[in-house]
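Pasting input10.csv here (CSV, C-alpha atoms):
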```csv
chain,number,residue,atom,x,y,z
A,17,MET,CA,-15.4,-9.3,-1.0
A,18,ARG,CA,-14.9,-5.8,-2.4
A,19,ARG,CA,-13.5,-5.9,-6.0
A,20,LYS,CA,-12.5,-3.1,-8.2
A,21,LYS,CA,-13.6,-3.3,-11.8
A,22,ASN,CA,-10.0,-3.0,-13.1
A,23,GLY,CA,-7.9,-4.3,-10.2
A,24,MET,CA,-7.4,-6.5,-7.2
A,25,SER,CA,-9.6,-6.7,-4.2
A,26,ASN,CA,-8.5,-4.8,-1.2
A,27,SER,CA,-9.4,-7.9,0.8
A,28,THR,CA,-6.1,-9.4,-0.4
A,29,LEU,CA,-4.2,-6.6,1.2
A,30,VAL,CA,-6.3,-6.9,4.4
A,31,GLY,CA,-5.5,-10.6,4.5
A,32,TYR,CA,-1.8,-9.7,4.3
A,33,ALA,CA,-2.3,-7.1,7.1
A,34,ARG,CA,-3.8,-9.8,9.3
A,35,GLN,CA,-0.8,-12.1,8.7
A,36,ILE,CA,1.7,-9.3,9.3
A,37,ALA,CA,-0.1,-8.4,12.6
A,38,GLN,CA,0.3,-12.0,13.7
A,39,HIS,CA,4.0,-12.3,12.7
A,40,ARG,CA,4.8,-9.0,14.5
A,41,GLY,CA,2.8,-9.9,17.6
A,42,TYR,CA,0.7,-6.8,17.6
A,43,VAL,CA,-1.7,-6.4,20.5
A,44,ASN,CA,-5.1,-4.7,20.8
A,45,LEU,CA,-6.1,-6.0,17.4
A,46,VAL,CA,-9.7,-5.4,16.2
A,47,ASN,CA,-10.9,-8.0,13.7
A,48,GLY,CA,-7.3,-9.1,13.4
A,49,LEU,CA,-6.2,-5.6,12.3
A,50,GLN,CA,-4.7,-2.6,14.0
A,51,PRO,CA,-7.5,-0.6,15.7
A,52,PRO,CA,-9.2,2.1,13.5
A,53,GLU,CA,-8.1,4.9,15.8
A,54,SER,CA,-4.4,4.1,15.0
A,55,LEU,CA,-5.1,4.2,11.3
A,56,THR,CA,-7.2,7.3,10.8
A,57,GLY,CA,-7.0,11.0,11.7
A,58,GLU,CA,-4.2,13.5,11.4
A,59,ASP,CA,-1.9,11.4,13.5
A,60,GLY,CA,-3.0,8.1,12.0
A,61,LYS,CA,-0.8,5.7,10.0
A,62,HIS,CA,-2.7,6.4,6.8
A,63,GLN,CA,-2.0,10.1,7.0
A,64,HIS,CA,1.6,9.4,7.9
A,65,GLU,CA,2.0,7.2,4.8
A,66,ILE,CA,0.4,9.9,2.6
A,67,SER,CA,3.1,12.3,3.8
A,68,GLU,CA,5.9,9.8,3.2
A,69,PHE,CA,4.5,9.2,-0.3
A,70,LYS,CA,4.5,12.9,-1.1
A,71,GLU,CA,8.0,13.2,0.3
A,72,ALA,CA,9.2,10.4,-2.0
A,73,LEU,CA,7.6,12.2,-4.9
A,74,ALA,CA,9.7,15.2,-4.1
A,75,HIS,CA,13.0,13.5,-3.3
A,76,LYS,CA,13.3,9.9,-4.4
A,77,THR,CA,13.1,7.7,-7.4
A,78,TRP,CA,10.0,6.4,-9.3
A,79,LEU,CA,10.5,3.0,-7.7
A,80,HIS,CA,10.3,4.5,-4.3
A,81,TRP,CA,7.1,6.3,-5.3
A,82,LEU,CA,5.6,2.8,-6.0
A,83,HIS,CA,7.0,1.6,-2.7
A,84,GLU,CA,5.4,4.4,-0.7
A,85,SER,CA,2.1,4.3,-2.6
A,86,SER,CA,1.9,0.6,-1.6
A,87,ASP,CA,1.7,1.8,2.1
A,88,VAL,CA,-1.0,4.3,1.3
A,89,LEU,CA,-3.1,1.6,-0.4
A,90,TYR,CA,-2.4,-0.9,2.4
A,91,TYR,CA,-3.7,1.4,5.1
A,92,ALA,CA,-6.6,2.5,2.9
A,93,ALA,CA,-7.6,-1.2,2.6
A,94,CYS,CA,-7.3,-1.7,6.4
A,95,ILE,CA,-9.4,1.4,7.1
A,96,ASP,CA,-12.1,0.2,4.7
A,97,ALA,CA,-12.2,-3.2,6.4
A,98,GLN,CA,-12.4,-1.6,9.9
A,99,ALA,CA,-14.7,1.3,9.2
A,100,GLY,CA,-16.8,-0.1,6.4
A,101,SER,CA,-15.7,2.9,4.3
A,102,ASP,CA,-14.6,2.9,0.6
A,103,ILE,CA,-11.5,5.1,0.5
A,104,TYR,CA,-9.3,2.6,-1.3
A,105,PRO,CA,-10.5,3.6,-4.8
A,106,ASP,CA,-9.8,7.2,-4.0
A,107,ALA,CA,-6.4,6.4,-2.6
A,108,LEU,CA,-5.5,4.5,-5.7
A,109,ARG,CA,-6.7,7.2,-8.0
A,110,GLU,CA,-4.9,9.9,-6.1
A,111,CYS,CA,-1.6,8.0,-6.0
A,112,ALA,CA,-1.8,7.3,-9.8
A,113,GLN,CA,-2.6,10.9,-10.6
A,114,LEU,CA,0.2,12.3,-8.5
A,115,MET,CA,2.7,9.9,-10.1
A,116,ARG,CA,1.5,10.7,-13.5
A,117,PHE,CA,1.7,14.4,-12.7
A,118,HIS,CA,5.4,13.8,-11.8
A,119,GLY,CA,6.0,12.2,-15.1
A,120,LEU,CA,5.6,8.5,-14.4
A,121,ARG,CA,3.5,6.6,-16.9
A,122,VAL,CA,1.9,4.1,-14.6
A,123,THR,CA,-1.4,2.4,-14.5
A,124,SER,CA,-3.6,1.7,-11.5
A,125,GLU,CA,-3.1,-2.0,-12.2
A,126,GLN,CA,0.7,-1.6,-11.9
A,127,ILE,CA,0.3,0.3,-8.7
A,128,GLU,CA,-1.9,-2.4,-7.3
A,129,ARG,CA,0.6,-5.2,-8.4
A,130,ALA,CA,3.4,-3.3,-6.7
A,131,ALA,CA,1.4,-3.1,-3.4
A,132,LEU,CA,0.5,-6.8,-3.6
A,133,ALA,CA,4.2,-7.8,-4.2
A,134,LYS,CA,5.4,-5.7,-1.3
A,135,TYR,CA,2.9,-6.9,1.2
A,136,GLN,CA,2.9,-10.5,0.1
A,137,PHE,CA,6.6,-10.6,0.9
A,138,ARG,CA,6.0,-8.9,4.3
A,139,ALA,CA,3.2,-11.3,5.1
A,140,SER,CA,5.3,-14.4,4.2
A,141,GLY,CA,6.9,-14.7,7.6
A,142,PRO,CA,8.3,-12.9,10.7
A,143,GLY,CA,10.8,-10.2,10.2
A,144,LYS,CA,10.1,-9.8,6.5
A,145,LYS,CA,10.9,-6.2,5.8
A,146,ASP,CA,13.8,-5.4,3.4
A,147,GLU,CA,13.5,-2.3,1.3
A,148,GLU,CA,16.0,-3.3,-1.4
A,149,HIS,CA,14.3,-6.7,-1.9
A,150,GLU,CA,10.9,-5.0,-1.9
A,151,LEU,CA,12.0,-2.5,-4.5
A,152,ALA,CA,13.1,-5.4,-6.7
A,153,LEU,CA,9.8,-7.2,-6.2
A,154,ILE,CA,7.9,-4.0,-7.0
A,155,GLN,CA,9.9,-3.4,-10.2
A,156,GLU,CA,9.1,-7.0,-11.3
A,157,ALA,CA,5.4,-6.7,-10.4
A,158,ALA,CA,5.0,-3.4,-12.2
A,159,ARG,CA,6.8,-5.0,-15.2
A,160,THR,CA,8.6,-1.8,-16.2
A,161,GLU,CA,11.9,-0.1,-16.3
A,162,ASP,CA,12.0,3.6,-15.6
A,163,PRO,CA,8.7,4.4,-17.4
A,164,ARG,CA,9.2,8.2,-17.6
```

Here is the file; what I need is its structure written in the form of structure tokens.
Amino acid sequence: MRRKKNGMSNSTLVGYARQIAQHRGYVNLVNGLQPPESLTGEDGKHQHEISEFKEALAHKTWLHWLHESSDVLYYAACIDAQAGSDIYPDALRECAQLMRFHGLRVTSEQIERAALAKYQFRASGPGKKDEEHELALIQEAARTEDPR
């Protein structure tokens, strides 16, 4: 189990990803996850989520930044599990740096707690995807009001 010195293990997010894949009835799974080719590359889900995160930084609230950074971390964890890579720490660091650059005083631990809260909810059963509820969970998990 891969563990960060100051955070959660990405195996927790990977476990949630496997549960979500089952609930949603995904096919063509590899090791219980979406296939690596759908996750990586310019057209992959990870790159798409990075773009959405950067769009949120430009046009949405700090809470949405955490919501979108959760997706970046989720797919980074899945890529690491599928490819044996180690991009999760870099994804976490880059998300944190970009949010701090935009004025949000947030720690890597808060970002990880936000991701866990969002994906624990989504993994809890079929059809669990509700942005407003996820934003509330993220705010509670990050234990902060607007920290700018």

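Shortest atom-to-atom contact with A:Glu156 among A:Leu79, A:Gln63, A:Arg121, A:Asp87: A:Leu79, counting all atoms listed in the file.
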
With 12 Å as the threshold, what does the neighbourhood of (-12.3, 3.8, 10.0) contain in terms of residues, counting all atoms listed in the file? Coordinates are those of the file; answer as a PDB file with C-alpha atoms, keeping the file's coordinate frame.
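Saved as part_13.pdb:
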```pdb
ATOM      1  CA  VAL A  46      -9.700  -5.400  16.200  1.00  0.00           C
ATOM      2  CA  LEU A  49      -6.200  -5.600  12.300  1.00  0.00           C
ATOM      3  CA  GLN A  50      -4.700  -2.600  14.000  1.00  0.00           C
ATOM      4  CA  PRO A  51      -7.500  -0.600  15.700  1.00  0.00           C
ATOM      5  CA  PRO A  52      -9.200   2.100  13.500  1.00  0.00           C
ATOM      6  CA  GLU A  53      -8.100   4.900  15.800  1.00  0.00           C
ATOM      7  CA  SER A  54      -4.400   4.100  15.000  1.00  0.00           C
ATOM      8  CA  LEU A  55      -5.100   4.200  11.300  1.00  0.00           C
ATOM      9  CA  THR A  56      -7.200   7.300  10.800  1.00  0.00           C
ATOM     10  CA  GLY A  57      -7.000  11.000  11.700  1.00  0.00           C
ATOM     11  CA  GLY A  60      -3.000   8.100  12.000  1.00  0.00           C
ATOM     12  CA  LYS A  61      -0.800   5.700  10.000  1.00  0.00           C
ATOM     13  CA  HIS A  62      -2.700   6.400   6.800  1.00  0.00           C
ATOM     14  CA  TYR A  91      -3.700   1.400   5.100  1.00  0.00           C
ATOM     15  CA  ALA A  92      -6.600   2.500   2.900  1.00  0.00           C
ATOM     16  CA  ALA A  93      -7.600  -1.200   2.600  1.00  0.00           C
ATOM     17  CA  CYS A  94      -7.300  -1.700   6.400  1.00  0.00           C
ATOM     18  CA  ILE A  95      -9.400   1.400   7.100  1.00  0.00           C
ATOM     19  CA  ASP A  96     -12.100   0.200   4.700  1.00  0.00           C
ATOM     20  CA  ALA A  97     -12.200  -3.200   6.400  1.00  0.00           C
ATOM     21  CA  GLN A  98     -12.400  -1.600   9.900  1.00  0.00           C
ATOM     22  CA  ALA A  99     -14.700   1.300   9.200  1.00  0.00           C
ATOM     23  CA  GLY A 100     -16.800  -0.100   6.400  1.00  0.00           C
ATOM     24  CA  SER A 101     -15.700   2.900   4.300  1.00  0.00           C
ATOM     25  CA  ASP A 102     -14.600   2.900   0.600  1.00  0.00           C
ATOM     26  CA  ILE A 103     -11.500   5.100   0.500  1.00  0.00           C
ATOM     27  CA  TYR A 104      -9.300   2.600  -1.300  1.00  0.00           C
TER      28      TYR A 104
END
```

If you measure from atom CA of A:Phe69 to atom CA of A:Glu110, what distance in Å do you get, rounded to one decimal?
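Those two atoms sit 11.1 Å apart.
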
Find the residues around stretch 136-141 of chain A up to 8 Å (only C-alpha atoms counted), leave out those fewer than 2 positions away in its own chain, and share them as a compact mmCIF listing (two decimals) with C-alpha atoms, in the coordinates of the input.
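Everything below was put into around_1.txt:
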```txt
# COMPACT_ATOMS: atom_id res chain seq x y z
CA TYR A 32 -1.80 -9.70 4.30
CA ALA A 33 -2.30 -7.10 7.10
CA GLN A 35 -0.80 -12.10 8.70
CA ILE A 36 1.70 -9.30 9.30
CA HIS A 39 4.00 -12.30 12.70
CA LEU A 132 0.50 -6.80 -3.60
CA ALA A 133 4.20 -7.80 -4.20
CA LYS A 134 5.40 -5.70 -1.30
CA GLY A 143 10.80 -10.20 10.20
CA LYS A 144 10.10 -9.80 6.50
CA LYS A 145 10.90 -6.20 5.80
CA GLU A 150 10.90 -5.00 -1.90
```

The residues within 8 Å of (6.7, 5.6, -9.2), using only C-alpha atoms and the coordinates of the file, should be reported as a list in words; which are they?
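Here is the list of nearby residues: Leu73, Thr77, Trp78, Leu79, His80, Trp81, Leu82, His83, Met115, Leu120 and Val122 of chain A.
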
Using C-alpha atoms, can you export the residues from the last selection as a PDB file, in the frame of the given file?
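That gives us out-v3.pdb:
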```pdb
ATOM      1  CA  LEU A  73       7.600  12.200  -4.900  1.00  0.00           C
ATOM      2  CA  THR A  77      13.100   7.700  -7.400  1.00  0.00           C
ATOM      3  CA  TRP A  78      10.000   6.400  -9.300  1.00  0.00           C
ATOM      4  CA  LEU A  79      10.500   3.000  -7.700  1.00  0.00           C
ATOM      5  CA  HIS A  80      10.300   4.500  -4.300  1.00  0.00           C
ATOM      6  CA  TRP A  81       7.100   6.300  -5.300  1.00  0.00           C
ATOM      7  CA  LEU A  82       5.600   2.800  -6.000  1.00  0.00           C
ATOM      8  CA  HIS A  83       7.000   1.600  -2.700  1.00  0.00           C
ATOM      9  CA  MET A 115       2.700   9.900 -10.100  1.00  0.00           C
ATOM     10  CA  LEU A 120       5.600   8.500 -14.400  1.00  0.00           C
ATOM     11  CA  VAL A 122       1.900   4.100 -14.600  1.00  0.00           C
TER      12      VAL A 122
END
```

Tell me, in Å to one decimal, how far atom CA of A:Gln113 is from atom CA of A:Lys76.
17.1 Å

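Here atom CA of A:Val30 is placed at a distance of 26.3 Å from atom CA of A:Arg116.
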
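Take the candidates A:Leu89, A:Ala157, A:Gly119, A:Asn47 and check each one against A:Thr28 using all atoms listed in the file; the shortest distance goes to A:Leu89.
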
Find, counting all atoms listed in the file, the residue in A:Glu65, A:Leu108, A:Tyr90, A:Gly41 that gets nearest to A:Gln126.
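Answer, going by the shortest atom-to-atom distance: A:Leu108.
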